[in-house]
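Data first, discussion second: the structure below is written as structure tokens.
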Amino acid sequence: MRNAMLATMEEWQRRIEAYCKEYDIPIEYLANTLYEPKVVPMIRGKAFEFSVLLALQGILDEHTWRVSKTPMNAQQGAHDIDVNITHLSSGRAINVECKLAGKGRFRHQSSGSSEISVKCMRSRTLGEAMVKALAPRFHVTEAQLKVHNDQYLPGDFDVVITSIGNAFYETDPNTGFFTWTPTSDGIAFLEALRAKYGISPEMPLKDFAFSQMYIAKASDLAVANNGVRCTRRRCTKKRNCGFIPNYPVITFTTETLEPQTPWHYLSNAVRVLDGFVE
């Protein structure tokens with residue numbers, strides 16, 4: 001086992017050295033580069049895709065499902081696929097969008113429930129030319145797409161998977177670095193959630209928070225007469241515009257700490273995925 005671990009570390013080191021040489025990065029400043037406040041969010045978002053890949057491979061039966069990830073560099077207007085799930089017997093492919101919770105987006109409500117908002121928006125807004133080209137493809141008017149030009153439609157992917165850990169980070173005003181700074185309400189919420197599942201208190205809350213992943217169908221997150229209301233001031237269809245809000249909310253009930261529909265624990269992913277196969 002030790003020899004295998006050493007071989008893995010040596011391979012990892014070789015790949016790091018090759019990467020720095022390929023892209024002309026001073027290897028002695030690689031860590032400094034990775035800590036740059038502008039770089040961290042991009043790396044964390046991309047790394048989360050691999051966390052989802054590993055989590056799904058551990059949850060789904062390999063004889064029923066195949067979980068894969070193919071490097072892509074999609075052009076604007078053509079959405080890339082973060083993780084792909086394939087139902088082997090039917091061949092049905094299910095596209096997964098991986099989104100971290102919004103930074104600092106935990107809220108404890110006066111009712112006792114808790115809310116975590118998931119950051120779910122396009123990395124680039126659509127310019128005039130792209131709006132004109134894409135509106136017919138998306139089956140919306142140009143005016144609608146202009147109002148919602150940084151928002152997704154359910155057709156962009158099938159499901160969203162998130163981790164709640166990022167909701168307990170803030171930006172340090174002095175250093176600009178992202179720091180783990182949950183509020184007292186946030187700590188109480190995480191401790192209660194950890195106790196609910198019998199997780200040892202020795203497990204750091206930060207590690208526990210990032211292990212908590214949730215899944216929802218994209219169609220259930222969109223504004224479509226389902227109780228979700230569009231907050232865009234210029235949107236003329238507040239209750240059924242069809243776009244996914246920039247920050248869909250996961251609500252945890254007071255009594256059970258269960259996520260409310262349409263969100264489900266990732267461990268229950270099969271319940272969601274079966275709906276695409278039936």
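Simple scheme: letters A, B, ... for chains in structure tokens order, numbers from 1 for residues in each chain, numbers from 1 for ligands in the order shown.
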**Request:** Tell me which protein, DNA and RNA residues are within 7 Å of stretch 220-236 of chain A, counting only C-alpha atoms, leaving out same-chain ones fewer than 2 positions away, and put them as an MDAnalysis selection string.
**Result:** chainID A and resid 147 154 217:218 238:245 248 262
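Every protein, DNA or RNA residue with an atom at most 12 Å from A:Tyr35, where only C-alpha atoms count and chain neighbours fewer than 2 positions away do not, is listed here: Tyr29, Leu30, Ala31, Asn32, Thr33, Pro37, Lys38, Val39, Val40, Pro41, Met42, Ile43, Arg44, Thr175, Gly176, Phe177, Phe178 and Thr179 of chain A.
Residues within 10 Å of stretch 265-276 of chain A, counting only C-alpha atoms and excluding same-chain residues fewer than 5 positions away, are Val52, Ala55, Leu56, Gly58, Ile59, Leu60, Asp61, Trp65, Ile85, Thr86, His87, Arg92, Ala93, Ile94, Asp158, Val159, Ile161, Thr162, Ser163, Ser211, Gln212, Met213, Tyr214, Ile215, Ala216, Lys217, Glu258 and Pro259 of chain A.
Each of A:Leu190, A:Met9, A:Leu205, A:Val249 was checked against A:Cys120 using only C-alpha atoms; the smallest atom-to-atom distance is that of A:Val249.
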I need the residues of stretch 102-265 of chain A that end up classed as strand (DSSP E or B) by DSSP on the backbone, written out as a PDB file with all heavy atoms, in the first residue's frame.
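What landed in part.pdb:
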ATOM      1  N   GLY A 102     -23.780  29.584  -3.181  1.00  0.00           N
ATOM      2  CA  GLY A 102     -23.259  30.940  -3.258  1.00  0.00           C
ATOM      3  C   GLY A 102     -22.461  31.292  -2.013  1.00  0.00           C
ATOM      4  O   GLY A 102     -22.804  30.904  -0.902  1.00  0.00           O
ATOM      5  N   LYS A 103     -21.390  32.043  -2.187  1.00  0.00           N
ATOM      6  CA  LYS A 103     -20.554  32.452  -1.052  1.00  0.00           C
ATOM      7  C   LYS A 103     -21.376  33.270  -0.057  1.00  0.00           C
ATOM      8  O   LYS A 103     -22.013  34.251  -0.416  1.00  0.00           O
ATOM      9  CB  LYS A 103     -19.358  33.260  -1.563  1.00  0.00           C
ATOM     10  CG  LYS A 103     -18.445  33.815  -0.479  1.00  0.00           C
ATOM     11  CD  LYS A 103     -17.177  34.376  -1.087  1.00  0.00           C
ATOM     12  CE  LYS A 103     -17.457  35.519  -2.047  1.00  0.00           C
ATOM     13  NZ  LYS A 103     -17.898  36.742  -1.331  1.00  0.00           N
ATOM     14  N   GLY A 104     -21.362  32.836   1.212  1.00  0.00           N
ATOM     15  CA  GLY A 104     -22.081  33.563   2.250  1.00  0.00           C
ATOM     16  C   GLY A 104     -23.592  33.488   2.142  1.00  0.00           C
ATOM     17  O   GLY A 104     -24.300  34.288   2.760  1.00  0.00           O
ATOM     18  N   ARG A 105     -24.088  32.496   1.416  1.00  0.00           N
ATOM     19  CA  ARG A 105     -25.521  32.441   1.118  1.00  0.00           C
ATOM     20  C   ARG A 105     -26.288  31.487   2.046  1.00  0.00           C
ATOM     21  O   ARG A 105     -27.222  30.818   1.592  1.00  0.00           O
ATOM     22  CB  ARG A 105     -25.725  32.036  -0.335  1.00  0.00           C
ATOM     23  CG  ARG A 105     -25.343  33.127  -1.330  1.00  0.00           C
ATOM     24  CD  ARG A 105     -26.501  34.067  -1.550  1.00  0.00           C
ATOM     25  NE  ARG A 105     -26.202  35.112  -2.515  1.00  0.00           N
ATOM     26  CZ  ARG A 105     -27.111  35.828  -3.153  1.00  0.00           C
ATOM     27  NH1 ARG A 105     -28.398  35.573  -2.946  1.00  0.00           N
ATOM     28  NH2 ARG A 105     -26.774  36.773  -3.981  1.00  0.00           N
ATOM     29  N   PHE A 106     -25.919  31.423   3.304  1.00  0.00           N
ATOM     30  CA  PHE A 106     -26.722  30.703   4.292  1.00  0.00           C
ATOM     31  C   PHE A 106     -27.568  31.713   5.056  1.00  0.00           C
ATOM     32  O   PHE A 106     -27.079  32.772   5.456  1.00  0.00           O
ATOM     33  CB  PHE A 106     -25.836  29.943   5.279  1.00  0.00           C
ATOM     34  CG  PHE A 106     -26.599  29.426   6.475  1.00  0.00           C
ATOM     35  CD1 PHE A 106     -27.297  28.231   6.407  1.00  0.00           C
ATOM     36  CD2 PHE A 106     -26.639  30.155   7.670  1.00  0.00           C
ATOM     37  CE1 PHE A 106     -28.019  27.768   7.498  1.00  0.00           C
ATOM     38  CE2 PHE A 106     -27.352  29.699   8.766  1.00  0.00           C
ATOM     39  CZ  PHE A 106     -28.041  28.506   8.679  1.00  0.00           C
ATOM     40  N   ARG A 107     -28.840  31.388   5.257  1.00  0.00           N
ATOM     41  CA  ARG A 107     -29.740  32.243   6.014  1.00  0.00           C
ATOM     42  C   ARG A 107     -30.593  31.399   6.949  1.00  0.00           C
ATOM     43  O   ARG A 107     -31.164  30.379   6.523  1.00  0.00           O
ATOM     44  CB  ARG A 107     -30.654  33.051   5.084  1.00  0.00           C
ATOM     45  CG  ARG A 107     -29.942  34.039   4.183  1.00  0.00           C
ATOM     46  CD  ARG A 107     -29.362  35.206   4.959  1.00  0.00           C
ATOM     47  NE  ARG A 107     -28.723  36.159   4.073  1.00  0.00           N
ATOM     48  CZ  ARG A 107     -27.445  36.098   3.693  1.00  0.00           C
ATOM     49  NH1 ARG A 107     -26.666  35.104   4.142  1.00  0.00           N
ATOM     50  NH2 ARG A 107     -26.929  37.011   2.880  1.00  0.00           N
ATOM     51  N   HIS A 108     -30.671  31.833   8.218  1.00  0.00           N
ATOM     52  CA  HIS A 108     -31.581  31.201   9.177  1.00  0.00           C
ATOM     53  C   HIS A 108     -32.810  32.100   9.300  1.00  0.00           C
ATOM     54  O   HIS A 108     -32.689  33.279   9.637  1.00  0.00           O
ATOM     55  CB  HIS A 108     -30.906  31.027  10.532  1.00  0.00           C
ATOM     56  CG  HIS A 108     -31.768  30.327  11.534  1.00  0.00           C
ATOM     57  ND1 HIS A 108     -32.072  28.979  11.440  1.00  0.00           N
ATOM     58  CD2 HIS A 108     -32.406  30.792  12.644  1.00  0.00           C
ATOM     59  CE1 HIS A 108     -32.851  28.641  12.455  1.00  0.00           C
ATOM     60  NE2 HIS A 108     -33.069  29.715  13.195  1.00  0.00           N
ATOM     61  N   SER A 114     -33.998  26.907   7.555  1.00  0.00           N
ATOM     62  CA  SER A 114     -32.723  27.432   7.060  1.00  0.00           C
ATOM     63  C   SER A 114     -32.712  27.380   5.543  1.00  0.00           C
ATOM     64  O   SER A 114     -33.301  26.480   4.934  1.00  0.00           O
ATOM     65  CB  SER A 114     -31.554  26.613   7.622  1.00  0.00           C
ATOM     66  OG  SER A 114     -31.497  26.715   9.029  1.00  0.00           O
ATOM     67  N   GLU A 115     -32.039  28.353   4.927  1.00  0.00           N
ATOM     68  CA  GLU A 115     -31.982  28.428   3.465  1.00  0.00           C
ATOM     69  C   GLU A 115     -30.547  28.587   2.989  1.00  0.00           C
ATOM     70  O   GLU A 115     -29.761  29.330   3.587  1.00  0.00           O
ATOM     71  CB  GLU A 115     -32.819  29.607   2.956  1.00  0.00           C
ATOM     72  CG  GLU A 115     -34.307  29.462   3.182  1.00  0.00           C
ATOM     73  CD  GLU A 115     -35.103  30.609   2.612  1.00  0.00           C
ATOM     74  OE1 GLU A 115     -34.491  31.619   2.167  1.00  0.00           O
ATOM     75  OE2 GLU A 115     -36.348  30.519   2.601  1.00  0.00           O
ATOM     76  N   ILE A 116     -30.240  27.880   1.918  1.00  0.00           N
ATOM     77  CA  ILE A 116     -28.944  28.008   1.259  1.00  0.00           C
ATOM     78  C   ILE A 116     -29.205  28.237  -0.222  1.00  0.00           C
ATOM     79  O   ILE A 116     -29.936  27.482  -0.855  1.00  0.00           O
ATOM     80  CB  ILE A 116     -28.078  26.761   1.482  1.00  0.00           C
ATOM     81  CG1 ILE A 116     -27.638  26.680   2.954  1.00  0.00           C
ATOM     82  CG2 ILE A 116     -26.860  26.768   0.559  1.00  0.00           C
ATOM     83  CD1 ILE A 116     -26.849  25.450   3.299  1.00  0.00           C
ATOM     84  N   SER A 117     -28.611  29.308  -0.748  1.00  0.00           N
ATOM     85  CA  SER A 117     -28.798  29.633  -2.164  1.00  0.00           C
ATOM     86  C   SER A 117     -27.646  29.080  -2.992  1.00  0.00           C
ATOM     87  O   SER A 117     -26.484  29.172  -2.588  1.00  0.00           O
ATOM     88  CB  SER A 117     -28.880  31.155  -2.347  1.00  0.00           C
ATOM     89  OG  SER A 117     -29.952  31.688  -1.601  1.00  0.00           O
ATOM     90  N   VAL A 118     -27.988  28.525  -4.133  1.00  0.00           N
ATOM     91  CA  VAL A 118     -27.006  27.917  -5.035  1.00  0.00           C
ATOM     92  C   VAL A 118     -26.709  28.889  -6.172  1.00  0.00           C
ATOM     93  O   VAL A 118     -27.631  29.401  -6.812  1.00  0.00           O
ATOM     94  CB  VAL A 118     -27.547  26.591  -5.606  1.00  0.00           C
ATOM     95  CG1 VAL A 118     -26.538  25.967  -6.564  1.00  0.00           C
ATOM     96  CG2 VAL A 118     -27.889  25.632  -4.474  1.00  0.00           C
ATOM     97  N   VAL A 159     -29.949  18.000 -14.695  1.00  0.00           N
ATOM     98  CA  VAL A 159     -29.974  18.113 -13.235  1.00  0.00           C
ATOM     99  C   VAL A 159     -28.869  19.053 -12.775  1.00  0.00           C
ATOM    100  O   VAL A 159     -27.860  19.252 -13.469  1.00  0.00           O
ATOM    101  CB  VAL A 159     -29.820  16.743 -12.527  1.00  0.00           C
ATOM    102  CG1 VAL A 159     -30.957  15.810 -12.882  1.00  0.00           C
ATOM    103  CG2 VAL A 159     -28.469  16.118 -12.839  1.00  0.00           C
ATOM    104  N   VAL A 160     -29.072  19.619 -11.581  1.00  0.00           N
ATOM    105  CA  VAL A 160     -28.054  20.423 -10.912  1.00  0.00           C
ATOM    106  C   VAL A 160     -27.638  19.674  -9.646  1.00  0.00           C
ATOM    107  O   VAL A 160     -28.483  19.166  -8.914  1.00  0.00           O
ATOM    108  CB  VAL A 160     -28.594  21.816 -10.534  1.00  0.00           C
ATOM    109  CG1 VAL A 160     -27.542  22.590  -9.738  1.00  0.00           C
ATOM    110  CG2 VAL A 160     -28.997  22.593 -11.770  1.00  0.00           C
ATOM    111  N   ILE A 161     -26.335  19.611  -9.403  1.00  0.00           N
ATOM    112  CA  ILE A 161     -25.819  19.042  -8.161  1.00  0.00           C
ATOM    113  C   ILE A 161     -24.977  20.103  -7.470  1.00  0.00           C
ATOM    114  O   ILE A 161     -24.165  20.779  -8.118  1.00  0.00           O
ATOM    115  CB  ILE A 161     -24.980  17.776  -8.423  1.00  0.00           C
ATOM    116  CG1 ILE A 161     -25.867  16.660  -8.986  1.00  0.00           C
ATOM    117  CG2 ILE A 161     -24.305  17.296  -7.130  1.00  0.00           C
ATOM    118  CD1 ILE A 161     -25.123  15.380  -9.333  1.00  0.00           C
ATOM    119  N   THR A 162     -25.201  20.263  -6.175  1.00  0.00           N
ATOM    120  CA  THR A 162     -24.482  21.292  -5.430  1.00  0.00           C
ATOM    121  C   THR A 162     -23.924  20.737  -4.132  1.00  0.00           C
ATOM    122  O   THR A 162     -24.347  19.685  -3.653  1.00  0.00           O
ATOM    123  CB  THR A 162     -25.407  22.487  -5.115  1.00  0.00           C
ATOM    124  OG1 THR A 162     -24.623  23.562  -4.572  1.00  0.00           O
ATOM    125  CG2 THR A 162     -26.489  22.105  -4.109  1.00  0.00           C
ATOM    126  N   SER A 163     -22.965  21.449  -3.574  1.00  0.00           N
ATOM    127  CA  SER A 163     -22.460  21.212  -2.224  1.00  0.00           C
ATOM    128  C   SER A 163     -22.711  22.488  -1.436  1.00  0.00           C
ATOM    129  O   SER A 163     -22.559  23.601  -1.963  1.00  0.00           O
ATOM    130  CB  SER A 163     -20.960  20.900  -2.259  1.00  0.00           C
ATOM    131  OG  SER A 163     -20.374  21.104  -0.989  1.00  0.00           O
ATOM    132  N   TYR A 169     -18.541  30.482   3.555  1.00  0.00           N
ATOM    133  CA  TYR A 169     -17.311  31.226   3.294  1.00  0.00           C
ATOM    134  C   TYR A 169     -17.633  32.710   3.112  1.00  0.00           C
ATOM    135  O   TYR A 169     -18.723  33.071   2.665  1.00  0.00           O
ATOM    136  CB  TYR A 169     -16.630  30.718   2.022  1.00  0.00           C
ATOM    137  CG  TYR A 169     -15.687  29.562   2.235  1.00  0.00           C
ATOM    138  CD1 TYR A 169     -16.167  28.280   2.450  1.00  0.00           C
ATOM    139  CD2 TYR A 169     -14.309  29.748   2.228  1.00  0.00           C
ATOM    140  CE1 TYR A 169     -15.305  27.210   2.644  1.00  0.00           C
ATOM    141  CE2 TYR A 169     -13.429  28.682   2.411  1.00  0.00           C
ATOM    142  CZ  TYR A 169     -13.943  27.422   2.619  1.00  0.00           C
ATOM    143  OH  TYR A 169     -13.077  26.362   2.815  1.00  0.00           O
ATOM    144  N   GLU A 170     -16.667  33.546   3.441  1.00  0.00           N
ATOM    145  CA  GLU A 170     -16.745  34.978   3.177  1.00  0.00           C
ATOM    146  C   GLU A 170     -15.397  35.433   2.640  1.00  0.00           C
ATOM    147  O   GLU A 170     -14.396  34.709   2.757  1.00  0.00           O
ATOM    148  CB  GLU A 170     -17.098  35.765   4.447  1.00  0.00           C
ATOM    149  CG  GLU A 170     -18.489  35.504   5.002  1.00  0.00           C
ATOM    150  CD  GLU A 170     -19.604  36.102   4.149  1.00  0.00           C
ATOM    151  OE1 GLU A 170     -19.284  36.808   3.170  1.00  0.00           O
ATOM    152  OE2 GLU A 170     -20.793  35.857   4.460  1.00  0.00           O
ATOM    153  N   THR A 171     -15.351  36.626   2.083  1.00  0.00           N
ATOM    154  CA  THR A 171     -14.096  37.195   1.612  1.00  0.00           C
ATOM    155  C   THR A 171     -13.495  38.052   2.720  1.00  0.00           C
ATOM    156  O   THR A 171     -14.153  38.950   3.239  1.00  0.00           O
ATOM    157  CB  THR A 171     -14.318  38.056   0.359  1.00  0.00           C
ATOM    158  OG1 THR A 171     -14.894  37.254  -0.679  1.00  0.00           O
ATOM    159  CG2 THR A 171     -13.006  38.636  -0.136  1.00  0.00           C
ATOM    160  N   PHE A 178     -10.692  33.907   0.388  1.00  0.00           N
ATOM    161  CA  PHE A 178     -11.926  33.280   0.847  1.00  0.00           C
ATOM    162  C   PHE A 178     -11.630  32.531   2.143  1.00  0.00           C
ATOM    163  O   PHE A 178     -10.686  31.744   2.194  1.00  0.00           O
ATOM    164  CB  PHE A 178     -12.470  32.321  -0.212  1.00  0.00           C
ATOM    165  CG  PHE A 178     -12.828  33.002  -1.503  1.00  0.00           C
ATOM    166  CD1 PHE A 178     -11.947  33.008  -2.568  1.00  0.00           C
ATOM    167  CD2 PHE A 178     -14.046  33.649  -1.648  1.00  0.00           C
ATOM    168  CE1 PHE A 178     -12.267  33.644  -3.755  1.00  0.00           C
ATOM    169  CE2 PHE A 178     -14.376  34.290  -2.828  1.00  0.00           C
ATOM    170  CZ  PHE A 178     -13.488  34.292  -3.873  1.00  0.00           C
ATOM    171  N   THR A 179     -12.424  32.791   3.170  1.00  0.00           N
ATOM    172  CA  THR A 179     -12.175  32.162   4.467  1.00  0.00           C
ATOM    173  C   THR A 179     -13.449  31.493   4.986  1.00  0.00           C
ATOM    174  O   THR A 179     -14.562  31.964   4.762  1.00  0.00           O
ATOM    175  CB  THR A 179     -11.699  33.201   5.502  1.00  0.00           C
ATOM    176  OG1 THR A 179     -12.687  34.245   5.634  1.00  0.00           O
ATOM    177  CG2 THR A 179     -10.372  33.811   5.080  1.00  0.00           C
ATOM    178  N   TRP A 180     -13.243  30.394   5.699  1.00  0.00           N
ATOM    179  CA  TRP A 180     -14.335  29.650   6.328  1.00  0.00           C
ATOM    180  C   TRP A 180     -14.787  30.421   7.566  1.00  0.00           C
ATOM    181  O   TRP A 180     -14.104  30.447   8.582  1.00  0.00           O
ATOM    182  CB  TRP A 180     -13.839  28.255   6.687  1.00  0.00           C
ATOM    183  CG  TRP A 180     -14.764  27.441   7.542  1.00  0.00           C
ATOM    184  CD1 TRP A 180     -14.668  27.230   8.883  1.00  0.00           C
ATOM    185  CD2 TRP A 180     -15.914  26.707   7.106  1.00  0.00           C
ATOM    186  NE1 TRP A 180     -15.686  26.420   9.326  1.00  0.00           N
ATOM    187  CE2 TRP A 180     -16.465  26.085   8.254  1.00  0.00           C
ATOM    188  CE3 TRP A 180     -16.521  26.522   5.868  1.00  0.00           C
ATOM    189  CZ2 TRP A 180     -17.596  25.279   8.193  1.00  0.00           C
ATOM    190  CZ3 TRP A 180     -17.649  25.720   5.811  1.00  0.00           C
ATOM    191  CH2 TRP A 180     -18.179  25.107   6.943  1.00  0.00           C
ATOM    192  N   MET A 213     -24.027  17.003  -0.377  1.00  0.00           N
ATOM    193  CA  MET A 213     -24.365  17.326  -1.761  1.00  0.00           C
ATOM    194  C   MET A 213     -25.842  17.046  -2.018  1.00  0.00           C
ATOM    195  O   MET A 213     -26.416  16.103  -1.452  1.00  0.00           O
ATOM    196  CB  MET A 213     -23.506  16.517  -2.736  1.00  0.00           C
ATOM    197  CG  MET A 213     -22.027  16.798  -2.643  1.00  0.00           C
ATOM    198  SD  MET A 213     -21.096  15.934  -3.946  1.00  0.00           S
ATOM    199  CE  MET A 213     -19.417  16.251  -3.403  1.00  0.00           C
ATOM    200  N   TYR A 214     -26.429  17.854  -2.893  1.00  0.00           N
ATOM    201  CA  TYR A 214     -27.858  17.775  -3.168  1.00  0.00           C
ATOM    202  C   TYR A 214     -28.090  17.851  -4.672  1.00  0.00           C
ATOM    203  O   TYR A 214     -27.294  18.439  -5.404  1.00  0.00           O
ATOM    204  CB  TYR A 214     -28.600  18.914  -2.453  1.00  0.00           C
ATOM    205  CG  TYR A 214     -28.407  18.861  -0.952  1.00  0.00           C
ATOM    206  CD1 TYR A 214     -27.290  19.446  -0.357  1.00  0.00           C
ATOM    207  CD2 TYR A 214     -29.307  18.182  -0.140  1.00  0.00           C
ATOM    208  CE1 TYR A 214     -27.077  19.366   1.005  1.00  0.00           C
ATOM    209  CE2 TYR A 214     -29.113  18.106   1.236  1.00  0.00           C
ATOM    210  CZ  TYR A 214     -27.998  18.696   1.797  1.00  0.00           C
ATOM    211  OH  TYR A 214     -27.797  18.598   3.151  1.00  0.00           O
ATOM    212  N   ILE A 215     -29.198  17.259  -5.114  1.00  0.00           N
ATOM    213  CA  ILE A 215     -29.516  17.176  -6.540  1.00  0.00           C
ATOM    214  C   ILE A 215     -30.945  17.629  -6.781  1.00  0.00           C
ATOM    215  O   ILE A 215     -31.833  17.405  -5.956  1.00  0.00           O
ATOM    216  CB  ILE A 215     -29.309  15.726  -7.059  1.00  0.00           C
ATOM    217  CG1 ILE A 215     -29.562  15.649  -8.566  1.00  0.00           C
ATOM    218  CG2 ILE A 215     -30.181  14.728  -6.297  1.00  0.00           C
ATOM    219  CD1 ILE A 215     -29.182  14.294  -9.172  1.00  0.00           C
ATOM    220  N   ALA A 216     -31.163  18.301  -7.914  1.00  0.00           N
ATOM    221  CA  ALA A 216     -32.506  18.723  -8.309  1.00  0.00           C
ATOM    222  C   ALA A 216     -32.608  18.708  -9.826  1.00  0.00           C
ATOM    223  O   ALA A 216     -31.618  18.936 -10.530  1.00  0.00           O
ATOM    224  CB  ALA A 216     -32.822  20.131  -7.789  1.00  0.00           C
ATOM    225  N   LYS A 217     -33.804  18.414 -10.341  1.00  0.00           N
ATOM    226  CA  LYS A 217     -34.048  18.484 -11.785  1.00  0.00           C
ATOM    227  C   LYS A 217     -34.079  19.942 -12.218  1.00  0.00           C
ATOM    228  O   LYS A 217     -34.678  20.787 -11.551  1.00  0.00           O
ATOM    229  CB  LYS A 217     -35.371  17.805 -12.129  1.00  0.00           C
ATOM    230  CG  LYS A 217     -35.375  16.303 -11.937  1.00  0.00           C
ATOM    231  CD  LYS A 217     -36.753  15.710 -12.183  1.00  0.00           C
ATOM    232  CE  LYS A 217     -37.221  15.938 -13.620  1.00  0.00           C
ATOM    233  NZ  LYS A 217     -38.517  15.267 -13.882  1.00  0.00           N
ATOM    234  N   VAL A 249     -33.001  28.282  -4.320  1.00  0.00           N
ATOM    235  CA  VAL A 249     -32.863  28.136  -2.871  1.00  0.00           C
ATOM    236  C   VAL A 249     -33.161  26.705  -2.425  1.00  0.00           C
ATOM    237  O   VAL A 249     -34.135  26.095  -2.873  1.00  0.00           O
ATOM    238  CB  VAL A 249     -33.807  29.117  -2.144  1.00  0.00           C
ATOM    239  CG1 VAL A 249     -33.771  28.886  -0.632  1.00  0.00           C
ATOM    240  CG2 VAL A 249     -33.428  30.555  -2.471  1.00  0.00           C
ATOM    241  N   ILE A 250     -32.300  26.182  -1.544  1.00  0.00           N
ATOM    242  CA  ILE A 250     -32.583  24.930  -0.843  1.00  0.00           C
ATOM    243  C   ILE A 250     -33.108  25.301   0.533  1.00  0.00           C
ATOM    244  O   ILE A 250     -32.415  25.987   1.297  1.00  0.00           O
ATOM    245  CB  ILE A 250     -31.330  24.056  -0.670  1.00  0.00           C
ATOM    246  CG1 ILE A 250     -30.602  23.859  -1.994  1.00  0.00           C
ATOM    247  CG2 ILE A 250     -31.705  22.705  -0.071  1.00  0.00           C
ATOM    248  CD1 ILE A 250     -29.284  23.104  -1.849  1.00  0.00           C
ATOM    249  N   THR A 251     -34.311  24.880   0.868  1.00  0.00           N
ATOM    250  CA  THR A 251     -34.902  25.154   2.175  1.00  0.00           C
ATOM    251  C   THR A 251     -34.886  23.880   3.010  1.00  0.00           C
ATOM    252  O   THR A 251     -35.331  22.825   2.546  1.00  0.00           O
ATOM    253  CB  THR A 251     -36.347  25.669   2.035  1.00  0.00           C
ATOM    254  OG1 THR A 251     -36.343  26.879   1.260  1.00  0.00           O
ATOM    255  CG2 THR A 251     -36.950  25.958   3.406  1.00  0.00           C
ATOM    256  N   PHE A 252     -34.370  23.993   4.214  1.00  0.00           N
ATOM    257  CA  PHE A 252     -34.314  22.867   5.150  1.00  0.00           C
ATOM    258  C   PHE A 252     -35.375  23.081   6.224  1.00  0.00           C
ATOM    259  O   PHE A 252     -35.402  24.139   6.866  1.00  0.00           O
ATOM    260  CB  PHE A 252     -32.932  22.762   5.796  1.00  0.00           C
ATOM    261  CG  PHE A 252     -31.841  22.428   4.817  1.00  0.00           C
ATOM    262  CD1 PHE A 252     -31.218  23.430   4.087  1.00  0.00           C
ATOM    263  CD2 PHE A 252     -31.440  21.114   4.619  1.00  0.00           C
ATOM    264  CE1 PHE A 252     -30.206  23.130   3.184  1.00  0.00           C
ATOM    265  CE2 PHE A 252     -30.432  20.795   3.720  1.00  0.00           C
ATOM    266  CZ  PHE A 252     -29.817  21.811   2.998  1.00  0.00           C
ATOM    267  N   PRO A 259     -34.167  18.578   3.155  1.00  0.00           N
ATOM    268  CA  PRO A 259     -34.304  19.576   2.084  1.00  0.00           C
ATOM    269  C   PRO A 259     -35.694  19.464   1.458  1.00  0.00           C
ATOM    270  O   PRO A 259     -36.182  18.367   1.216  1.00  0.00           O
ATOM    271  CB  PRO A 259     -33.217  19.183   1.088  1.00  0.00           C
ATOM    272  CG  PRO A 259     -33.033  17.708   1.310  1.00  0.00           C
ATOM    273  CD  PRO A 259     -33.255  17.480   2.779  1.00  0.00           C
ATOM    274  N   HIS A 264     -32.979  17.017  -3.322  1.00  0.00           N
ATOM    275  CA  HIS A 264     -32.863  15.718  -2.668  1.00  0.00           C
ATOM    276  C   HIS A 264     -31.399  15.496  -2.300  1.00  0.00           C
ATOM    277  O   HIS A 264     -30.490  15.992  -2.968  1.00  0.00           O
ATOM    278  CB  HIS A 264     -33.303  14.588  -3.608  1.00  0.00           C
ATOM    279  CG  HIS A 264     -34.685  14.738  -4.134  1.00  0.00           C
ATOM    280  ND1 HIS A 264     -35.795  14.186  -3.544  1.00  0.00           N
ATOM    281  CD2 HIS A 264     -35.145  15.421  -5.227  1.00  0.00           C
ATOM    282  CE1 HIS A 264     -36.874  14.496  -4.234  1.00  0.00           C
ATOM    283  NE2 HIS A 264     -36.518  15.243  -5.257  1.00  0.00           N
ATOM    284  N   TYR A 265     -31.175  14.727  -1.230  1.00  0.00           N
ATOM    285  CA  TYR A 265     -29.808  14.330  -0.910  1.00  0.00           C
ATOM    286  C   TYR A 265     -29.230  13.569  -2.095  1.00  0.00           C
ATOM    287  O   TYR A 265     -29.923  12.777  -2.731  1.00  0.00           O
ATOM    288  CB  TYR A 265     -29.765  13.445   0.335  1.00  0.00           C
ATOM    289  CG  TYR A 265     -30.054  14.188   1.616  1.00  0.00           C
ATOM    290  CD1 TYR A 265     -31.224  13.949   2.328  1.00  0.00           C
ATOM    291  CD2 TYR A 265     -29.152  15.126   2.115  1.00  0.00           C
ATOM    292  CE1 TYR A 265     -31.500  14.633   3.510  1.00  0.00           C
ATOM    293  CE2 TYR A 265     -29.418  15.808   3.287  1.00  0.00           C
ATOM    294  CZ  TYR A 265     -30.588  15.560   3.983  1.00  0.00           C
ATOM    295  OH  TYR A 265     -30.844  16.237   5.133  1.00  0.00           O
TER     296      TYR A 265
END
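Atom pair atom CA of A:Thr70 / atom CA of A:Val83: separated by 7.5 Å.
Interatomic distance, atom CA of A:Lys237 against atom CA of A:Arg137: 19.7 Å.
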**Message:** So the first atom is atom CA of A:Ser113 and the second is atom CA of A:Thr261; what is the distance between them in Å, to one decimal place?
**Reply:** 14.0 Å
